[in-house]
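In what follows, a single structure is set out as structure tokens and then discussed.
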Amino acid sequence: MLCTKCQHDNPVDAKFCNGCGTRLLLACSQCRYSNPPGSRFCGQCANPLEDPAPAASSPRFESPEAYTPKHLAEKILTSRSALEGERKQVTVLFADLKGSMELLGDRDPEEARKLIDPVIDQIMDAVHRYEGTVNHVMGDGVMAIFGAPLAHEDHAVRACYAALAMQSANRAYSNQMRRAHGIEIELRVGLNSGEVVVGAIGNDLHMEYSAIGQTTNLAARMEQLATPGTVRLTANTLGFAEGFIHVAPLGPIPVRGLADPVEVYELKGVSGLRTRMQAAAARGLTRFVGRQAELDILGQSLKQAGAGHGQIVALVGEPGVGKSRLIWEFTHSHRTQDWLALESGSVSYGKATAYRPLIDLLKVYFRVEERDDDRRLLEKITGKLLRLDKTLEPILPALLALLDVGVEDPEWQRLHPTQRRTRTFDACKRLLLRESQVQPLVLIFEDLHWIDSETQSFLNGLVESLPTSRVLLLLNFRPEYQSSWGSKSYYAQLRVDPLPSESAEELLLGLLGSGDQQRDLRRTLIKRTEGNPFFLEESVRSLVEAGVLSGERGNYRLQAPLASIQVPGRVQAVLAARIDRLQPEDKRLLQTAAVIGKDVPLPLLQVIAKLKP
């Protein structure tokens with residue numbers, strides 16, 4: 001029996017490790033719960049503990065230090081003292097190779113490892129692409145966590161995208177194995193979201209954690225219930241990722257250990273929506289209130305740009321204050337009726353992907369769809385470009401390459417990567433400026449705090465060409481992003497603050513209704529959220545989901561006494577991600593202050609935190 005601490009191989013009947021003296025515990029292969037020796041089923045998830053183990057994976061999978069990307073490892077180790085002991089909103093992912101024992105049969109262990117290891121590599125690559133943490137590698141499967149130890153406000157979306165990516169990669173690998181060895185290799189993946197408490201983080205990046213409730217158990221059960229080649233998730237995960245994914249409901253399914261059946265869904269694909277604003281618009285937007293002054297300033301900048309004096313307007317504010325909603329309302333109003341609006345934005349997991357926002361912008365311009373093959377892409381791009389201006393034909397290779405269409409131009413192939421980068425920037429700038437001569441443009445780049453370096457360089461170059469163009473460059477970002485355009489006379493920065501009490505009241509009237517029953521609730525919500533529109537909407541949504549409110553938007557009724565209002569999980573995720581980006585010493589100070597309360601006298605904080613006056 002292997003010791004879970006030092007990995008020493010002990011006799012089957014041993015109770016303590018011969019190597020280090022630690023009490024021996026039997027780790028479950030599904031949820032990693034430590035069971036006492038002699039257990040036949042896991043006490044956490046009821047998984048059988050006596051199943052024969054599949055072929056062991058390579059030594060490089062044995063330590064998190066060996067397989068965690070360097071940049072993620074550095075983030076974790078740098079801030080681990082501030083991470084240990086924290087509660088985190090997470091999504092847990094289990095993925096395993098279905099029927100590995102039958103698949104491997106009598107194959108030599110070395111040959112078996114050669115078949116299984118590429119599957120594990122693909123799974124881990126998908127997890128790391130979306131900045132998840134591989135917590136355990138279990139022979140023919142992986143357990144990963146998104147949102148811990150580093151918090152992510154979109155942990156469930158990342159986990160869903162990773163699950164789809166690993167299934168896509170495995171289908172290609174399975175096709176190769178079918179042709180080479182006549183075998184099918186299929187994955188099954190399970191997801192569930194909930195809370196965990198982060199425990200000790202070792203120098204080798206091994207992380208201990210305690211699941212709260214059924215967080216890990218349900219993820220393991222989803223994987224066990226999944227048919228080969230599919231991904232199953234709970235309603236908890238769907239609630240966090242709603243709008244960003246397509247699912248098929250499978251109905252309530254009994255789960256061992258739970259009194260009530262669990263609603264289960266099969267993950268079918270991504271929705272194409274990239275931002276929280278787009279997801280909110282798909283659900284139905286709430287009343288837009290309190291931003292008339294900002295709309296007036298945007299309207300004045302639009303008039304100047306339309307007269308040939310290009311403008312930049314940046315909206316700056318904390319998460320949830322309504323930066324994206326303000327842009328949406330402006331670009332969908334009568335003011336921009338004769339303008340072409342092209343929208344793009346950065347995503348939290350996209351910094352490592354060069355040009356992503358720029359590529360998305362061009363896809364909107366050329367009306368590229370997911371089902372378009374290279375031939376169709378070539379027709380769309382070439383046709384639209386030449387109809388705009390035949391003299392732009394020389395920039396075609398750069399645009400095709402950027403949109404991942406094969407380029408047969410020999411001159412383009414001979415260019416050095418630095419020259420290609422310059423040509424790419426020039427091509428995109430020429431295209432947009434030429435289009436603005438035909439019709440004025442509103443170019444929207446959202447969430448610049450997540451922008452990649454290449455798109456940032458493109459924007460820096462575009463900004464220099466704006467003064468004589470009919471372009472309004474509309475940006476938004478959080479306060480941590482530092483703009484380099486403040487000295488430009490055609491640059492304006494608007495701070496978007498939470499709603500004042502009157503406007504927050506107006507928003508809640510549209511959400512809750514105007515009855516006397518809701519008056520106290522409206523006051524409580526405004527006080528708790530301090531007028532942040534996203535926090536207000538999520539608070540109401542969570543009360544509806546919890547059954548405290550019933551009815552429909554604009555006419556809700558209290559169904560239970562309002563003893564207290566919990567911070568919604570989606571809001572917790574946003575706040576935790578913001579806190580994790582603080583410097584370790586600042587984060588520890590915040591945690592110390594939080595123990596005292598919301599308002600902390602400075603002298604008291606200095607004493608407790610041992611700060612110098």
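Letters A, B, ... go to the chains of the structure tokens in the order shown; residues in each chain start at 1; ligands are counted from 1 in the same order.
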
>> If we count only C-alpha atoms and set the cut-off at 12 Å, which residues sit around A:Arg420, ignoring sequence neighbours fewer than 6 positions away in its own chain? Please answer as a PyMOL selection string.
In response: chain A and resi 395+397-402+411-414+426-427

Would you mind exporting N, CA and C atoms of the selected residues as a PDB file, in the first residue's frame?
ATOM      1  N   ILE A 395      -2.414  44.137 -49.398  1.00  0.00           N
ATOM      2  CA  ILE A 395      -2.486  43.807 -47.971  1.00  0.00           C
ATOM      3  C   ILE A 395      -3.235  42.489 -47.730  1.00  0.00           C
ATOM      4  N   PRO A 397      -2.497  39.221 -48.301  1.00  0.00           N
ATOM      5  CA  PRO A 397      -1.795  38.116 -47.615  1.00  0.00           C
ATOM      6  C   PRO A 397      -1.725  38.291 -46.098  1.00  0.00           C
ATOM      7  N   ALA A 398      -1.501  39.515 -45.650  1.00  0.00           N
ATOM      8  CA  ALA A 398      -1.408  39.749 -44.202  1.00  0.00           C
ATOM      9  C   ALA A 398      -2.742  39.482 -43.514  1.00  0.00           C
ATOM     10  N   LEU A 399      -3.841  39.901 -44.134  1.00  0.00           N
ATOM     11  CA  LEU A 399      -5.159  39.672 -43.550  1.00  0.00           C
ATOM     12  C   LEU A 399      -5.501  38.185 -43.545  1.00  0.00           C
ATOM     13  N   LEU A 400      -5.176  37.496 -44.632  1.00  0.00           N
ATOM     14  CA  LEU A 400      -5.443  36.053 -44.702  1.00  0.00           C
ATOM     15  C   LEU A 400      -4.660  35.308 -43.630  1.00  0.00           C
ATOM     16  N   ALA A 401      -3.392  35.667 -43.471  1.00  0.00           N
ATOM     17  CA  ALA A 401      -2.562  34.990 -42.466  1.00  0.00           C
ATOM     18  C   ALA A 401      -3.096  35.239 -41.060  1.00  0.00           C
ATOM     19  N   LEU A 402      -3.537  36.454 -40.795  1.00  0.00           N
ATOM     20  CA  LEU A 402      -4.055  36.790 -39.476  1.00  0.00           C
ATOM     21  C   LEU A 402      -5.316  35.994 -39.160  1.00  0.00           C
ATOM     22  N   GLU A 411       6.203  35.981 -51.803  1.00  0.00           N
ATOM     23  CA  GLU A 411       6.832  37.114 -51.129  1.00  0.00           C
ATOM     24  C   GLU A 411       6.514  37.113 -49.645  1.00  0.00           C
ATOM     25  N   TRP A 412       5.257  36.833 -49.290  1.00  0.00           N
ATOM     26  CA  TRP A 412       4.859  36.774 -47.884  1.00  0.00           C
ATOM     27  C   TRP A 412       5.622  35.661 -47.148  1.00  0.00           C
ATOM     28  N   GLN A 413       5.801  34.523 -47.807  1.00  0.00           N
ATOM     29  CA  GLN A 413       6.488  33.402 -47.182  1.00  0.00           C
ATOM     30  C   GLN A 413       7.951  33.727 -46.887  1.00  0.00           C
ATOM     31  N   ARG A 414       8.552  34.594 -47.677  1.00  0.00           N
ATOM     32  CA  ARG A 414       9.973  34.923 -47.501  1.00  0.00           C
ATOM     33  C   ARG A 414      10.212  35.957 -46.400  1.00  0.00           C
ATOM     34  N   ASP A 426       0.117  47.271 -40.478  1.00  0.00           N
ATOM     35  CA  ASP A 426      -0.168  48.226 -41.552  1.00  0.00           C
ATOM     36  C   ASP A 426      -1.426  47.834 -42.310  1.00  0.00           C
ATOM     37  N   ALA A 427      -1.588  46.536 -42.572  1.00  0.00           N
ATOM     38  CA  ALA A 427      -2.762  46.059 -43.321  1.00  0.00           C
ATOM     39  C   ALA A 427      -4.052  46.362 -42.571  1.00  0.00           C
TER      40      ALA A 427
END

> Using only C-alpha atoms, which of the listed residues (A:Arg356, A:Lys488, A:Lys384, A:Arg434) sits closest to A:Pro467?
Replying inline: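 Under the stated criterion, the closest residue is A:Lys488.
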
> Quick one: DSSP helix (DSSP H, G or I) residues in stretch 355-590 of chain A, as JSON, numbers by chain?
Replying inline: {"A": [356, 357, 358, 359, 360, 361, 362, 363, 364, 365, 374, 375, 376, 377, 378, 379, 380, 381, 382, 383, 384, 385, 386, 387, 388, 390, 391, 392, 393, 394, 395, 396, 397, 398, 399, 400, 401, 402, 410, 411, 412, 413, 414, 417, 418, 419, 420, 421, 422, 423, 424, 425, 426, 427, 428, 429, 430, 431, 432, 433, 434, 435, 436, 437, 438, 448, 449, 450, 453, 454, 455, 456, 457, 458, 459, 460, 461, 462, 463, 464, 501, 502, 503, 504, 505, 506, 507, 508, 509, 510, 511, 512, 516, 517, 518, 519, 520, 521, 522, 523, 524, 525, 526, 527, 528, 529, 533, 534, 535, 536, 537, 538, 539, 540, 541, 542, 543, 544, 545, 569, 570, 571, 572, 573, 574, 575, 576, 577, 578, 579, 580, 584, 585, 586, 587, 588, 589, 590]}

Kindly export the residues of the current selection with C-alpha atoms, as a short mmCIF file (atom, residue, chain, number, x, y, z; two decimals), in the first residue's frame.
data_model
loop_
_atom_site.label_atom_id
_atom_site.label_comp_id
_atom_site.auth_asym_id
_atom_site.auth_seq_id
_atom_site.Cartn_x
_atom_site.Cartn_y
_atom_site.Cartn_z
CA ARG A 356 -7.10 37.77 -30.43
CA PRO A 357 -9.24 40.93 -30.09
CA LEU A 358 -8.03 42.19 -33.47
CA ILE A 359 -8.86 38.86 -35.10
CA ASP A 360 -12.34 38.94 -33.58
CA LEU A 361 -12.85 42.49 -34.89
CA LEU A 362 -11.89 41.43 -38.43
CA LYS A 363 -14.18 38.40 -38.23
CA VAL A 364 -17.07 40.75 -37.49
CA TYR A 365 -16.05 43.04 -40.37
CA ASP A 374 -10.71 28.11 -46.11
CA ARG A 375 -12.34 28.46 -49.53
CA ARG A 376 -15.32 30.34 -48.13
CA LEU A 377 -13.02 32.53 -45.99
CA LEU A 378 -10.91 33.40 -49.02
CA GLU A 379 -14.03 34.39 -50.98
CA LYS A 380 -15.38 36.58 -48.17
CA ILE A 381 -12.13 38.37 -47.40
CA THR A 382 -10.99 38.87 -50.99
CA GLY A 383 -14.42 39.90 -52.22
CA LYS A 384 -15.08 42.49 -49.51
CA LEU A 385 -11.56 43.90 -49.67
CA LEU A 386 -11.57 44.41 -53.45
CA ARG A 387 -15.07 45.88 -53.44
CA LEU A 388 -13.87 48.40 -50.90
CA LYS A 390 -8.83 47.41 -55.46
CA THR A 391 -5.62 49.22 -54.49
CA LEU A 392 -5.75 47.35 -51.15
CA GLU A 393 -4.99 44.02 -52.82
CA PRO A 394 -1.31 44.03 -51.60
CA ILE A 395 -2.49 43.81 -47.97
CA LEU A 396 -4.53 40.64 -48.66
CA PRO A 397 -1.80 38.12 -47.61
CA ALA A 398 -1.41 39.75 -44.20
CA LEU A 399 -5.16 39.67 -43.55
CA LEU A 400 -5.44 36.05 -44.70
CA ALA A 401 -2.56 34.99 -42.47
CA LEU A 402 -4.06 36.79 -39.48
CA PRO A 410 5.86 33.60 -52.18
CA GLU A 411 6.83 37.11 -51.13
CA TRP A 412 4.86 36.77 -47.88
CA GLN A 413 6.49 33.40 -47.18
CA ARG A 414 9.97 34.92 -47.50
CA PRO A 417 8.51 37.34 -38.61
CA THR A 418 9.29 40.95 -37.64
CA GLN A 419 8.46 42.10 -41.17
CA ARG A 420 5.22 40.09 -41.13
CA ARG A 421 4.25 41.77 -37.86
CA THR A 422 4.82 45.22 -39.38
CA ARG A 423 2.87 44.28 -42.52
CA THR A 424 0.02 42.93 -40.38
CA PHE A 425 -0.28 46.14 -38.37
CA ASP A 426 -0.17 48.23 -41.55
CA ALA A 427 -2.76 46.06 -43.32
CA CYS A 428 -5.29 46.29 -40.50
CA LYS A 429 -4.79 50.03 -40.09
CA ARG A 430 -5.13 50.72 -43.84
CA LEU A 431 -8.27 48.60 -44.05
CA LEU A 432 -10.02 50.36 -41.17
CA LEU A 433 -9.01 53.88 -42.20
CA ARG A 434 -10.10 53.25 -45.80
CA GLU A 435 -13.45 51.92 -44.61
CA SER A 436 -13.93 55.05 -42.50
CA GLN A 437 -13.78 57.10 -45.69
CA VAL A 438 -16.82 55.21 -46.99
CA LEU A 448 -8.11 46.39 -22.12
CA HIS A 449 -6.88 45.22 -18.69
CA TRP A 450 -6.70 41.74 -20.31
CA SER A 453 0.86 42.76 -26.14
CA GLU A 454 0.43 42.49 -29.92
CA THR A 455 -3.07 43.98 -29.97
CA GLN A 456 -1.82 46.70 -27.63
CA SER A 457 0.96 47.54 -30.11
CA PHE A 458 -1.58 47.69 -32.93
CA LEU A 459 -3.79 50.09 -30.95
CA ASN A 460 -0.78 52.31 -30.20
CA GLY A 461 -0.11 52.60 -33.93
CA LEU A 462 -3.76 53.16 -34.82
CA VAL A 463 -4.09 55.96 -32.27
CA GLU A 464 -1.40 57.96 -34.07
CA SER A 501 -29.11 55.97 -4.64
CA GLU A 502 -31.88 57.51 -6.79
CA SER A 503 -30.76 55.68 -9.93
CA ALA A 504 -30.20 52.41 -8.04
CA GLU A 505 -33.73 52.73 -6.67
CA GLU A 506 -35.04 53.22 -10.22
CA LEU A 507 -33.17 50.13 -11.39
CA LEU A 508 -34.61 48.01 -8.58
CA LEU A 509 -38.11 49.29 -9.22
CA GLY A 510 -37.84 47.79 -12.68
CA LEU A 511 -36.41 44.55 -11.30
CA LEU A 512 -38.48 43.98 -8.17
CA ASP A 516 -44.66 48.15 -0.25
CA GLN A 517 -43.38 44.60 0.33
CA GLN A 518 -40.24 45.28 -1.71
CA ARG A 519 -39.40 48.70 -0.18
CA ASP A 520 -37.22 47.36 2.63
CA LEU A 521 -35.56 44.90 0.28
CA ARG A 522 -34.66 47.69 -2.14
CA ARG A 523 -33.08 49.73 0.65
CA THR A 524 -31.13 46.72 1.92
CA LEU A 525 -29.80 45.84 -1.53
CA ILE A 526 -28.70 49.40 -2.29
CA LYS A 527 -26.86 49.59 1.04
CA ARG A 528 -25.17 46.20 0.57
CA THR A 529 -24.09 46.76 -3.06
CA PRO A 533 -25.52 47.58 -11.08
CA PHE A 534 -24.05 44.11 -11.61
CA PHE A 535 -24.09 43.37 -7.89
CA LEU A 536 -27.70 44.58 -7.67
CA GLU A 537 -28.85 42.38 -10.54
CA GLU A 538 -26.96 39.33 -9.27
CA SER A 539 -28.35 39.79 -5.76
CA VAL A 540 -31.91 39.75 -7.08
CA ARG A 541 -31.11 36.79 -9.33
CA SER A 542 -29.67 34.78 -6.43
CA LEU A 543 -32.74 35.53 -4.27
CA VAL A 544 -34.96 34.22 -7.06
CA GLU A 545 -32.81 31.09 -7.47
CA GLY A 569 -21.49 33.28 -6.05
CA ARG A 570 -20.92 35.17 -9.31
CA VAL A 571 -20.15 38.33 -7.34
CA GLN A 572 -17.86 36.42 -4.97
CA ALA A 573 -15.88 35.17 -7.98
CA VAL A 574 -15.41 38.71 -9.31
CA LEU A 575 -14.30 40.03 -5.92
CA ALA A 576 -11.95 37.11 -5.24
CA ALA A 577 -10.26 37.54 -8.61
CA ARG A 578 -9.72 41.23 -7.90
CA ILE A 579 -8.29 40.50 -4.45
CA ASP A 580 -5.91 37.86 -5.81
CA PRO A 584 0.77 39.74 -1.29
CA GLU A 585 1.41 42.32 1.45
CA ASP A 586 -1.65 44.37 0.39
CA LYS A 587 -3.79 41.25 0.32
CA ARG A 588 -2.70 40.22 3.82
CA LEU A 589 -3.53 43.72 5.06
CA LEU A 590 -6.99 43.49 3.50
#

>> Could you list, as a list in words, every residue within 9 Å of A:Leu273, counting only C-alpha atoms and ignoring same-chain residues fewer than 5 positions away?
In response: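 My list of contacting residues is Gly243, Phe244, Ile245, Gln278, Ala279 and Ala282 of chain A.
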
> Tell me, which residues of stretch 382-474 of chain A carry DSSP strand (DSSP E), written as a list in words?
Replying inline: Leu441, Val442, Leu443, Ile444, Phe445, Glu446, Val471, Leu472, Leu473 and Leu474 of chain A

Selected residues written out, N, CA and C atoms, as a short mmCIF file (atom, residue, chain, number, x, y, z; two decimals), in the first residue's frame:
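Writing done, so here's again-v2.cif:
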data_model
loop_
_atom_site.label_atom_id
_atom_site.label_comp_id
_atom_site.auth_asym_id
_atom_site.auth_seq_id
_atom_site.Cartn_x
_atom_site.Cartn_y
_atom_site.Cartn_z
N LEU A 441 -16.64 55.08 -38.63
CA LEU A 441 -16.50 53.86 -37.85
C LEU A 441 -16.51 54.15 -36.35
N VAL A 442 -17.19 53.27 -35.61
CA VAL A 442 -17.02 53.18 -34.16
C VAL A 442 -16.29 51.87 -33.91
N LEU A 443 -15.05 51.96 -33.46
CA LEU A 443 -14.26 50.77 -33.13
C LEU A 443 -14.27 50.57 -31.62
N ILE A 444 -14.72 49.41 -31.17
CA ILE A 444 -14.89 49.15 -29.75
C ILE A 444 -13.93 48.05 -29.32
N PHE A 445 -13.07 48.37 -28.37
CA PHE A 445 -12.19 47.38 -27.75
C PHE A 445 -12.46 47.40 -26.26
N GLU A 446 -13.03 46.32 -25.76
CA GLU A 446 -13.40 46.25 -24.34
C GLU A 446 -12.36 45.49 -23.52
N VAL A 471 -13.13 58.20 -37.29
CA VAL A 471 -13.14 57.03 -36.41
C VAL A 471 -13.31 57.48 -34.97
N LEU A 472 -14.25 56.85 -34.26
CA LEU A 472 -14.37 56.99 -32.82
C LEU A 472 -13.89 55.68 -32.20
N LEU A 473 -12.77 55.74 -31.51
CA LEU A 473 -12.22 54.56 -30.83
C LEU A 473 -12.75 54.55 -29.41
N LEU A 474 -13.60 53.57 -29.11
CA LEU A 474 -14.29 53.49 -27.83
C LEU A 474 -13.70 52.33 -27.03
#

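Proximity to A:Leu549 was assessed for A:Glu530, A:Gly513, A:Arg325, A:Pro249 counting only C-alpha atoms; the smallest distance is recorded for A:Gly513.
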